[in-house]
$ cat input19.json   # JSON, C-alpha atoms and all ligand atoms
[["chain", "number", "residue", "atom", "x", "y", "z"],
["A", 1, "MET", "CA", -4.12, -34.39, -2.26],
["A", 2, "GLU", "CA", -5.23, -37.62, -0.56],
["A", 3, "HIS", "CA", -5.14, -36.45, 3.08],
["A", 4, "LEU", "CA", -4.07, -33.31, 4.95],
["A", 5, "ILE", "CA", -1.48, -34.43, 7.50],
["A", 6, "ASP", "CA", 1.29, -31.87, 7.18],
["A", 7, "ILE", "CA", 2.46, -29.11, 4.84],
["A", 8, "GLU", "CA", 5.69, -30.81, 3.77],
["A", 9, "ASN", "CA", 3.77, -33.38, 1.72],
["A", 10, "ILE", "CA", 1.43, -31.04, -0.12],
["A", 11, "SER", "CA", 2.55, -29.52, -3.41],
["A", 12, "LYS", "CA", 2.64, -25.78, -4.04],
["A", 13, "GLU", "CA", 0.00, -26.36, -6.70],
["A", 14, "ASP", "CA", -2.39, -27.99, -4.22],
["A", 15, "ILE", "CA", -1.77, -25.21, -1.71],
["A", 16, "LEU", "CA", -2.62, -22.58, -4.33],
["A", 17, "ASN", "CA", -5.70, -24.57, -5.40],
["A", 18, "ILE", "CA", -6.90, -24.54, -1.77],
["A", 19, "ILE", "CA", -6.26, -20.79, -1.51],
["A", 20, "ASN", "CA", -8.08, -20.03, -4.78],
["A", 21, "LEU", "CA", -11.04, -22.22, -3.89],
["A", 22, "ALA", "CA", -11.21, -20.66, -0.39],
["A", 23, "LYS", "CA", -11.33, -17.22, -2.03],
["A", 24, "LYS", "CA", -14.28, -18.32, -4.17],
["A", 25, "PHE", "CA", -16.08, -19.62, -1.10],
["A", 26, "LYS", "CA", -15.43, -16.35, 0.74],
["A", 27, "GLU", "CA", -16.92, -14.49, -2.24],
["A", 28, "GLY", "CA", -20.10, -16.53, -1.80],
["A", 29, "ALA", "CA", -19.66, -19.42, -4.25],
["A", 30, "LYS", "CA", -21.80, -22.48, -3.55],
["A", 31, "THR", "CA", -21.20, -26.09, -4.47],
["A", 32, "SER", "CA", -23.06, -29.37, -4.18],
["A", 33, "ASP", "CA", -19.87, -31.39, -4.80],
["A", 34, "VAL", "CA", -19.81, -32.98, -1.35],
["A", 35, "THR", "CA", -23.46, -32.68, -0.28],
["A", 36, "GLY", "CA", -24.47, -35.51, 2.04],
["A", 37, "ARG", "CA", -20.92, -36.69, 2.77],
["A", 38, "THR", "CA", -20.15, -37.14, 6.47],
["A", 39, "LEU", "CA", -17.37, -35.61, 8.55],
["A", 40, "ALA", "CA", -16.44, -36.77, 12.07],
["A", 41, "LEU", "CA", -14.66, -34.34, 14.38],
["A", 42, "MET", "CA", -12.45, -36.35, 16.73],
["A", 43, "PHE", "CA", -10.94, -33.92, 19.22],
["A", 44, "TYR", "CA", -8.91, -35.44, 22.04],
["A", 45, "GLU", "CA", -7.52, -32.00, 22.93],
["A", 46, "ASN", "CA", -9.54, -28.83, 23.47],
["A", 47, "SER", "CA", -10.27, -26.47, 20.62],
["A", 48, "THR", "CA", -12.50, -23.54, 19.76],
["A", 49, "ARG", "CA", -11.44, -22.23, 16.34],
["A", 50, "THR", "CA", -10.41, -25.46, 14.58],
["A", 51, "ARG", "CA", -13.33, -27.54, 15.75],
["A", 52, "CYS", "CA", -16.02, -24.89, 15.18],
["A", 53, "SER", "CA", -14.67, -23.76, 11.82],
["A", 54, "PHE", "CA", -14.47, -27.32, 10.47],
["A", 55, "GLU", "CA", -18.06, -27.85, 11.61],
["A", 56, "ILE", "CA", -19.26, -24.60, 10.04],
["A", 57, "ALA", "CA", -17.26, -25.34, 6.87],
["A", 58, "ALA", "CA", -18.83, -28.78, 6.53],
["A", 59, "LYS", "CA", -22.33, -27.41, 7.10],
["A", 60, "LYS", "CA", -21.80, -24.70, 4.48],
["A", 61, "LEU", "CA", -20.93, -27.56, 2.10],
["A", 62, "PHE", "CA", -24.19, -29.35, 3.07],
["A", 63, "MET", "CA", -22.27, -32.17, 4.72],
["A", 64, "ASN", "CA", -23.33, -34.12, 7.80],
["A", 65, "VAL", "CA", -21.18, -33.59, 10.90],
["A", 66, "ILE", "CA", -20.60, -35.92, 13.83],
["A", 67, "ASN", "CA", -19.02, -34.45, 16.94],
["A", 68, "PHE", "CA", -17.33, -37.61, 18.19],
["A", 69, "ASP", "CA", -17.34, -37.56, 22.00],
["A", 70, "ALA", "CA", -13.92, -39.01, 22.83],
["A", 71, "ALA", "CA", -14.52, -39.03, 26.59],
["A", 72, "HIS", "CA", -17.70, -41.15, 26.26],
["A", 73, "SER", "CA", -16.66, -43.35, 23.36],
["A", 74, "SER", "CA", -15.62, -47.00, 23.45],
["A", 75, "LEU", "CA", -11.99, -45.89, 23.58],
["A", 76, "SER", "CA", -12.54, -45.93, 27.35],
["A", 77, "LYS", "CA", -13.25, -49.68, 27.02],
["A", 78, "GLY", "CA", -9.90, -50.19, 25.31],
["A", 79, "GLU", "CA", -10.90, -49.87, 21.64],
["A", 80, "SER", "CA", -8.02, -48.63, 19.49],
["A", 81, "LEU", "CA", -8.14, -45.50, 17.35],
["A", 82, "LYS", "CA", -7.72, -47.68, 14.23],
["A", 83, "ASP", "CA", -10.73, -49.84, 15.14],
["A", 84, "THR", "CA", -12.76, -46.75, 16.05],
["A", 85, "ILE", "CA", -12.06, -45.11, 12.69],
["A", 86, "GLU", "CA", -12.76, -48.28, 10.70],
["A", 87, "ASN", "CA", -16.11, -48.60, 12.50],
["A", 88, "LEU", "CA", -16.90, -44.95, 11.75],
["A", 89, "TYR", "CA", -16.13, -45.62, 8.08],
["A", 90, "PHE", "CA", -18.64, -48.48, 8.03],
["A", 91, "LEU", "CA", -21.19, -46.21, 9.73],
["A", 92, "GLY", "CA", -20.85, -43.90, 6.73],
["A", 93, "VAL", "CA", -18.15, -41.42, 7.77],
["A", 94, "ASN", "CA", -16.12, -40.19, 4.78],
["A", 95, "ALA", "CA", -13.55, -38.00, 6.55],
["A", 96, "VAL", "CA", -12.18, -37.43, 10.04],
["A", 97, "VAL", "CA", -10.52, -34.38, 11.56],
["A", 98, "ILE", "CA", -8.34, -35.53, 14.45],
["A", 99, "ARG", "CA", -6.74, -33.39, 17.14],
["A", 100, "HIS", "CA", -4.51, -35.18, 19.61],
["A", 101, "SER", "CA", -1.73, -34.42, 22.07],
["A", 102, "LEU", "CA", 0.56, -37.12, 20.62],
["A", 103, "SER", "CA", 2.82, -35.96, 17.77],
["A", 104, "GLY", "CA", 2.65, -38.29, 14.76],
["A", 105, "ILE", "CA", -0.41, -40.26, 15.91],
["A", 106, "ILE", "CA", -2.39, -39.39, 12.78],
["A", 107, "ASN", "CA", 0.35, -40.65, 10.42],
["A", 108, "ASN", "CA", 0.53, -43.84, 12.47],
["A", 109, "VAL", "CA", -3.19, -44.58, 12.51],
["A", 110, "MET", "CA", -3.58, -43.63, 8.85],
["A", 111, "ARG", "CA", -1.12, -46.38, 7.90],
["A", 112, "LEU", "CA", -3.13, -48.94, 9.89],
["A", 113, "VAL", "CA", -6.64, -48.10, 8.65],
["A", 114, "LYS", "CA", -7.57, -50.33, 5.70],
["A", 115, "TYR", "CA", -10.49, -48.35, 4.30],
["A", 116, "PRO", "CA", -10.56, -45.21, 2.14],
["A", 117, "ILE", "CA", -11.53, -42.66, 4.78],
["A", 118, "LYS", "CA", -9.92, -39.21, 4.47],
["A", 119, "PHE", "CA", -7.70, -37.91, 7.28],
["A", 120, "VAL", "CA", -7.26, -34.30, 8.31],
["A", 121, "ASN", "CA", -4.78, -33.32, 10.97],
["A", 122, "GLY", "CA", -6.46, -30.83, 13.30],
["A", 123, "GLY", "CA", -3.23, -30.44, 15.29],
["A", 124, "ASP", "CA", -1.11, -33.28, 16.70],
["A", 125, "GLY", "CA", 1.14, -32.56, 19.67],
["A", 126, "THR", "CA", 4.06, -30.36, 18.66],
["A", 127, "HIS", "CA", 4.18, -31.84, 15.13],
["A", 128, "ALA", "CA", 1.85, -30.07, 12.70],
["A", 129, "HIS", "CA", -1.28, -27.95, 12.28],
["A", 130, "PRO", "CA", -1.57, -27.73, 8.49],
["A", 131, "SER", "CA", -5.01, -26.12, 8.19],
["A", 132, "GLN", "CA", -3.82, -23.33, 10.52],
["A", 133, "ALA", "CA", -0.81, -22.65, 8.28],
["A", 134, "LEU", "CA", -3.10, -22.61, 5.22],
["A", 135, "LEU", "CA", -5.47, -20.08, 6.77],
["A", 136, "ASP", "CA", -2.50, -17.98, 7.92],
["A", 137, "PHE", "CA", -1.14, -18.01, 4.36],
["A", 138, "TYR", "CA", -4.57, -17.09, 3.00],
["A", 139, "THR", "CA", -4.76, -14.14, 5.40],
["A", 140, "MET", "CA", -1.28, -12.91, 4.47],
["A", 141, "LEU", "CA", -2.05, -13.13, 0.75],
["A", 142, "GLU", "CA", -5.35, -11.30, 1.28],
["A", 143, "LYS", "CA", -3.50, -8.48, 3.05],
["A", 144, "MET", "CA", -0.23, -8.31, 1.06],
["A", 145, "GLY", "CA", -0.80, -10.03, -2.29],
["A", 146, "SER", "CA", 2.46, -12.01, -2.04],
["A", 147, "ILE", "CA", 4.78, -13.16, 0.73],
["A", 148, "GLU", "CA", 7.91, -13.42, -1.40],
["A", 149, "ASN", "CA", 10.86, -11.74, 0.40],
["A", 150, "LYS", "CA", 8.50, -10.38, 3.06],
["A", 151, "LYS", "CA", 9.92, -10.40, 6.58],
["A", 152, "ILE", "CA", 7.71, -12.70, 8.62],
["A", 153, "THR", "CA", 8.63, -12.88, 12.30],
["A", 154, "ILE", "CA", 7.28, -15.70, 14.45],
["A", 155, "ILE", "CA", 7.64, -14.92, 18.15],
["A", 156, "GLY", "CA", 7.01, -16.95, 21.26],
["A", 157, "ASP", "CA", 6.90, -20.54, 22.45],
["A", 158, "VAL", "CA", 8.46, -21.86, 19.26],
["A", 159, "SER", "CA", 9.68, -25.17, 20.68],
["A", 160, "HIS", "CA", 6.16, -26.43, 21.45],
["A", 161, "SER", "CA", 4.51, -24.92, 18.41],
["A", 162, "ARG", "CA", 2.98, -27.09, 15.69],
["A", 163, "VAL", "CA", 1.72, -23.80, 14.20],
["A", 164, "ALA", "CA", 5.30, -22.52, 13.86],
["A", 165, "LYS", "CA", 6.45, -25.76, 12.21],
["A", 166, "SER", "CA", 3.62, -25.83, 9.69],
["A", 167, "ASN", "CA", 4.01, -22.13, 8.94],
["A", 168, "ILE", "CA", 7.76, -22.44, 8.39],
["A", 169, "ALA", "CA", 7.15, -25.35, 5.99],
["A", 170, "LEU", "CA", 4.58, -23.36, 4.04],
["A", 171, "LEU", "CA", 6.24, -19.93, 4.07],
["A", 172, "SER", "CA", 9.54, -21.49, 2.90],
["A", 173, "LYS", "CA", 7.81, -22.94, -0.16],
["A", 174, "PHE", "CA", 6.73, -19.43, -1.17],
["A", 175, "GLY", "CA", 9.97, -17.52, -0.60],
["A", 176, "ALA", "CA", 9.29, -15.62, 2.63],
["A", 177, "ASP", "CA", 12.13, -14.23, 4.74],
["A", 178, "ILE", "CA", 11.38, -16.12, 7.98],
["A", 179, "HIS", "CA", 12.60, -14.97, 11.40],
["A", 180, "LEU", "CA", 12.06, -16.76, 14.70],
["A", 181, "CYS", "CA", 12.27, -15.05, 18.07],
["A", 182, "ALA", "CA", 12.20, -16.84, 21.42],
["A", 183, "PRO", "CA", 14.24, -17.19, 24.57],
["A", 184, "SER", "CA", 16.75, -20.03, 24.13],
["A", 185, "TYR", "CA", 14.73, -22.35, 26.39],
["A", 186, "LEU", "CA", 11.68, -22.01, 24.06],
["A", 187, "GLN", "CA", 13.57, -22.32, 20.79],
["A", 188, "PHE", "CA", 13.78, -25.44, 18.58],
["A", 189, "GLU", "CA", 16.58, -27.73, 19.73],
["A", 190, "ASN", "CA", 17.35, -28.57, 16.08],
["A", 191, "LEU", "CA", 17.13, -24.96, 14.90],
["A", 192, "GLU", "CA", 19.74, -25.40, 12.13],
["A", 193, "GLU", "CA", 17.38, -27.79, 10.28],
["A", 194, "PHE", "CA", 14.83, -25.01, 9.73],
["A", 195, "LYS", "CA", 16.85, -22.58, 7.57],
["A", 196, "VAL", "CA", 15.44, -19.49, 9.28],
["A", 197, "ASN", "CA", 16.93, -16.47, 11.04],
["A", 198, "TYR", "CA", 16.95, -16.61, 14.82],
["A", 199, "HIS", "CA", 16.82, -13.74, 17.32],
["A", 200, "LYS", "CA", 16.72, -13.67, 21.08],
["A", 201, "ASP", "CA", 16.10, -9.94, 21.04],
["A", 202, "VAL", "CA", 12.52, -9.00, 20.21],
["A", 203, "LYS", "CA", 13.32, -5.53, 18.87],
["A", 204, "GLU", "CA", 15.81, -6.96, 16.39],
["A", 205, "ALA", "CA", 13.23, -9.59, 15.35],
["A", 206, "VAL", "CA", 10.45, -7.04, 14.82],
["A", 207, "GLU", "CA", 12.65, -4.46, 13.03],
["A", 208, "GLY", "CA", 11.09, -3.89, 9.59],
["A", 209, "ALA", "CA", 8.78, -6.92, 9.91],
["A", 210, "ASN", "CA", 5.85, -7.12, 7.48],
["A", 211, "VAL", "CA", 4.14, -9.79, 9.58],
["A", 212, "VAL", "CA", 4.50, -10.41, 13.32],
["A", 213, "MET", "CA", 3.00, -13.77, 14.24],
["A", 214, "VAL", "CA", 2.76, -14.17, 18.00],
["A", 215, "LEU", "CA", 2.54, -17.67, 19.48],
["A", 216, "ARG", "CA", 0.80, -18.70, 22.68],
["A", 217, "VAL", "CA", 2.91, -19.67, 25.67],
["A", 218, "GLN", "CA", 1.74, -23.30, 25.92],
["A", 219, "ASN", "CA", 1.81, -23.80, 29.67],
["A", 220, "GLU", "CA", 0.10, -27.19, 29.39],
["A", 221, "ARG", "CA", 3.10, -28.56, 27.44],
["A", 222, "HIS", "CA", 5.76, -27.26, 29.82],
["A", 223, "GLU", "CA", 7.29, -29.88, 32.06],
["A", 224, "LYS", "CA", 7.96, -27.50, 34.94],
["A", 225, "GLU", "CA", 5.00, -25.59, 36.36],
["A", 226, "GLY", "CA", 5.52, -21.82, 36.46],
["A", 227, "TYR", "CA", 8.22, -21.98, 33.79],
["A", 228, "PRO", "CA", 8.74, -19.72, 31.99],
["A", 229, "ASP", "CA", 8.06, -17.08, 34.61],
["A", 230, "SER", "CA", 5.12, -15.05, 33.20],
["A", 231, "SER", "CA", 6.31, -11.64, 34.38],
["A", 232, "GLU", "CA", 9.83, -12.22, 33.04],
["A", 233, "TYR", "CA", 8.45, -13.50, 29.73],
["A", 234, "LYS", "CA", 6.10, -10.49, 29.47],
["A", 235, "ARG", "CA", 8.93, -8.06, 30.22],
["A", 236, "LEU", "CA", 11.13, -9.44, 27.45],
["A", 237, "TYR", "CA", 8.71, -10.73, 24.80],
["A", 238, "GLU", "CA", 5.27, -9.14, 25.07],
["A", 239, "ILE", "CA", 4.22, -7.50, 21.79],
["A", 240, "ASP", "CA", 2.41, -4.19, 22.20],
["A", 241, "THR", "CA", 1.46, -1.17, 20.09],
["A", 242, "ALA", "CA", 4.50, 0.90, 21.05],
["A", 243, "LEU", "CA", 6.90, -1.89, 20.03],
["A", 244, "LEU", "CA", 5.23, -2.39, 16.64],
["A", 245, "LYS", "CA", 5.08, 1.37, 15.99],
["A", 246, "GLN", "CA", 8.74, 1.87, 16.78],
["A", 247, "TYR", "CA", 10.26, -1.13, 15.02],
["A", 248, "ALA", "CA", 7.92, -2.90, 12.56],
["A", 249, "ASP", "CA", 6.96, -1.91, 9.01],
["A", 250, "ASP", "CA", 4.28, 0.81, 9.00],
["A", 251, "ASN", "CA", 1.76, -1.64, 7.51],
["A", 252, "VAL", "CA", 2.70, -4.56, 9.75],
["A", 253, "ILE", "CA", 0.16, -7.38, 10.05],
["A", 254, "LEU", "CA", -0.31, -8.83, 13.53],
["A", 255, "MET", "CA", -1.25, -12.51, 13.67],
["A", 256, "HIS", "CA", -1.88, -15.06, 16.43],
["A", 257, "PRO", "CA", -3.35, -18.55, 15.96],
["A", 258, "GLY", "CA", -5.29, -18.20, 19.21],
["A", 259, "PRO", "CA", -6.14, -18.62, 21.95],
["A", 260, "ALA", "CA", -4.07, -15.67, 23.17],
["A", 261, "ASN", "CA", -2.79, -15.13, 26.71],
["A", 262, "ARG", "CA", -3.66, -11.45, 27.08],
["A", 263, "ASN", "CA", -0.92, -9.34, 28.64],
["A", 264, "ILE", "CA", 1.61, -12.19, 28.51],
["A", 265, "GLU", "CA", 2.68, -12.70, 24.87],
["A", 266, "VAL", "CA", 0.52, -9.87, 23.44],
["A", 267, "SER", "CA", -0.99, -6.81, 25.11],
["A", 268, "SER", "CA", -4.72, -6.68, 25.62],
["A", 269, "GLU", "CA", -4.80, -3.16, 24.25],
["A", 270, "LEU", "CA", -3.17, -4.30, 20.97],
["A", 271, "LEU", "CA", -5.56, -7.24, 20.62],
["A", 272, "ASP", "CA", -8.54, -4.91, 20.96],
["A", 273, "ASN", "CA", -7.41, -2.21, 18.56],
["A", 274, "ILE", "CA", -7.69, -2.24, 14.76],
["A", 275, "VAL", "CA", -4.33, -4.03, 14.34],
["A", 276, "GLY", "CA", -5.61, -6.92, 16.47],
["A", 277, "LYS", "CA", -8.67, -7.36, 14.24],
["A", 278, "THR", "CA", -6.54, -9.39, 11.79],
["A", 279, "ILE", "CA", -6.47, -12.18, 14.36],
["A", 280, "LEU", "CA", -10.26, -12.44, 14.18],
["A", 281, "GLU", "CA", -10.07, -12.32, 10.38],
["A", 282, "GLN", "CA", -7.61, -15.23, 10.52],
["A", 283, "ALA", "CA", -10.19, -17.26, 12.44],
["A", 284, "GLN", "CA", -12.91, -16.27, 9.94],
["A", 285, "ASN", "CA", -10.74, -17.22, 6.97],
["A", 286, "GLY", "CA", -10.37, -20.64, 8.61],
["A", 287, "VAL", "CA", -13.95, -21.43, 7.63],
["A", 288, "TYR", "CA", -13.34, -20.82, 3.90],
["A", 289, "VAL", "CA", -9.95, -22.53, 3.84],
["A", 290, "ARG", "CA", -11.40, -25.57, 5.59],
["A", 291, "MET", "CA", -14.32, -25.62, 3.13],
["A", 292, "ALA", "CA", -11.74, -25.77, 0.35],
["A", 293, "VAL", "CA", -9.79, -28.55, 2.07],
["A", 294, "LEU", "CA", -12.91, -30.69, 2.60],
["A", 295, "ASN", "CA", -14.12, -30.04, -0.94],
["A", 296, "MET", "CA", -10.79, -31.09, -2.43],
["A", 297, "LEU", "CA", -10.28, -34.14, -0.23],
["A", 298, "LEU", "CA", -13.76, -35.47, -0.88],
["A", 299, "GLY", "CA", -13.53, -35.21, -4.62],
["A", 300, "GLY", "CA", -15.22, -31.90, -5.35],
["A", 301, "LYS", "CA", -13.21, -29.86, -7.81],
["A", 302, "TYR", "CA", -15.05, -26.66, -8.55],
["A", 303, "ALA", "CA", -17.24, -24.18, -6.76],
["A", 304, "SER", "CA", -19.79, -22.77, -9.18],
["B", 401, "LIG", "N1", -5.59, -22.01, 16.42],
["B", 401, "LIG", "C1", -6.18, -23.05, 17.01],
["B", 401, "LIG", "O1", -5.84, -24.20, 16.74],
["B", 401, "LIG", "O2", -7.15, -22.72, 17.91],
["B", 401, "LIG", "P1", -8.03, -23.78, 18.69],
["B", 401, "LIG", "O3", -7.11, -24.50, 19.65],
["B", 401, "LIG", "O4", -9.07, -22.96, 19.41],
["B", 401, "LIG", "O5", -8.61, -24.72, 17.70]]

$ encode --input "input19.json" --output "structure tokens" --more "lines below"
Ligand code: CP
Amino acid sequence: MEHLIDIENISKEDILNIINLAKKFKEGAKTSDVTGRTLALMFYENSTRTRCSFEIAAKKLFMNVINFDAAHSSLSKGESLKDTIENLYFLGVNAVVIRHSLSGIINNVMRLVKYPIKFVNGGDGTHAHPSQALLDFYTMLEKMGSIENKKITIIGDVSHSRVAKSNIALLSKFGADIHLCAPSYLQFENLEEFKVNYHKDVKEAVEGANVVMVLRVQNERHEKEGYPDSSEYKRLYEIDTALLKQYADDNVILMHPGPANRNIEVSSELLDNIVGKTILEQAQNGVYVRMAVLNMLLGGKYAS
């Protein structure tokens, strides 16, 4: 694995290597493989979980971390992202995690940069969020052992979701039974390309589900303000305890990439009860998965 840009271009073997290494890190394994290497976090869009967990992951690996301040950088003087990254490389940066609102920008800049810096996609527009899909997969395996033939229902603002795209790519590689649920105006326009089941009705989508992954309504990416109408969306699509109890598998796992809109796509009461704790465990697992990603990209192979 040279870079982590999307899930489609990583092999099953590399995904399983990341998962296994993350497990070792979670069990307390230490490594000096990448000690002293330098990671720059370049976040042009807001983040809590991705940014903080990459920083904590790097520090647990004894790496140096630069929190690149996009708003006060020379980008404001017209410097390109390519020139910025090449300069960072010559300052000693070995890897960059980039989050940006433009889909595909990381692929584009990666092709332009002439030096061997490692790229990690921290979420680009509506395109991909590969480290999120990896930590989601890790969490599912930790809870269920395998995802083969498990009914995994992804519900919410599918059309704007890089998390949904990366999860579908990953879950398909490992034989999950994937179901999407959204109102038609928040569904993928090219749905037939995804080879998944589609439901408009939330009860049908949740029926017998082993995993219910709720997505955030991404108001900042909607062209029309106040659309979808929050109360209408909540009435039709909010996931709560009663719905899961009545329709989902008894051992259903609730997931959400965060941040969650409480009492819109998921009830506050559900988030705060024991079922909702998995969402915090997802965030925690992000640290170990991102340690594994950094270790693999920067040449470390084993955790002792
Ligand atoms: N899941 C996720 O990407 O969260 P942040 O936006 O807080 O990083």

$ residues_around --input "input19.json" --residues "Ala209 in chain A" --least-positions-apart "5" --cutoff "12 Å" --atoms "all atoms listed in the file" --output "PyMOL selection string"
chain A and resi 147+149-155+176-180+202-204+243-254

$ atom_distance --input "input19.json" --atom1 "CA of Leu191 in chain A" --atom2 "CA of His160 in chain A"
12.9 Å

$ closest_atom_pairs --input "input19.json" --of "chain A" --to "ligand LIG 401 (chain B)" --cutoff "9 Å" --atoms "all atoms listed in the file" --output "tab-separated table"
residue	atom	partner	partner_atom	distance
A:Glu45	CA	B:LIG401	O3	8.2
A:Asn46	CA	B:LIG401	O3	6.3
A:Ser47	CA	B:LIG401	O5	3.8
A:Thr48	CA	B:LIG401	O4	3.5
A:Arg49	CA	B:LIG401	O4	3.9
A:Thr50	CA	B:LIG401	O5	3.7
A:Arg51	CA	B:LIG401	O5	5.8
A:Cys52	CA	B:LIG401	O5	7.8
A:Ser53	CA	B:LIG401	O5	8.5
A:Arg99	CA	B:LIG401	O5	8.9
A:Gly122	CA	B:LIG401	O1	7.5
A:Gly123	CA	B:LIG401	O1	6.9
A:His129	CA	B:LIG401	O1	7.4
A:Ser131	CA	B:LIG401	O1	8.8
A:Gln132	CA	B:LIG401	N1	6.3
A:Val163	CA	B:LIG401	N1	7.8
A:His256	CA	B:LIG401	N1	7.9
A:Pro257	CA	B:LIG401	N1	4.1
A:Gly258	CA	B:LIG401	N1	4.7
A:Pro259	CA	B:LIG401	O4	5.8
A:Ala283	CA	B:LIG401	N1	7.7

$ residues_around --input "input19.json" --residues "Val289 in chain A" --least-positions-apart "4" --cutoff "8 Å" --atoms "all atoms listed in the file" --output "ChimeraX atom specification"
/A:18-19,21-22,131,134-135,138,285,293

$ atom_distance --input "input19.json" --atom1 "CA of Ile117 in chain A" --atom2 "CA of Tyr89 in chain A"
6.4 Å

$ closest_residue --input "input19.json" --among "A:Ala260, A:Glu265, A:Glu192, A:Ile168" --to "Ile239 in chain A" --atoms "all atoms listed in the file"
A:Glu265

$ residues_around --input "input19.json" --residues "Lys165 in chain A" --least-positions-apart "3" --cutoff "8 Å" --atoms "all atoms listed in the file" --output "VMD selection string"
chain A and resid 127 to 128 161 to 162 168 to 169

$ residues_around --input "input19.json" --residues "Lys59 in chain A" --least-positions-apart "4" --cutoff "12 Å" --atoms "all atoms listed in the file" --output "ChimeraX atom specification"
/A:30-32,34-39,52-55,63-66,287-288,290-291,294-295
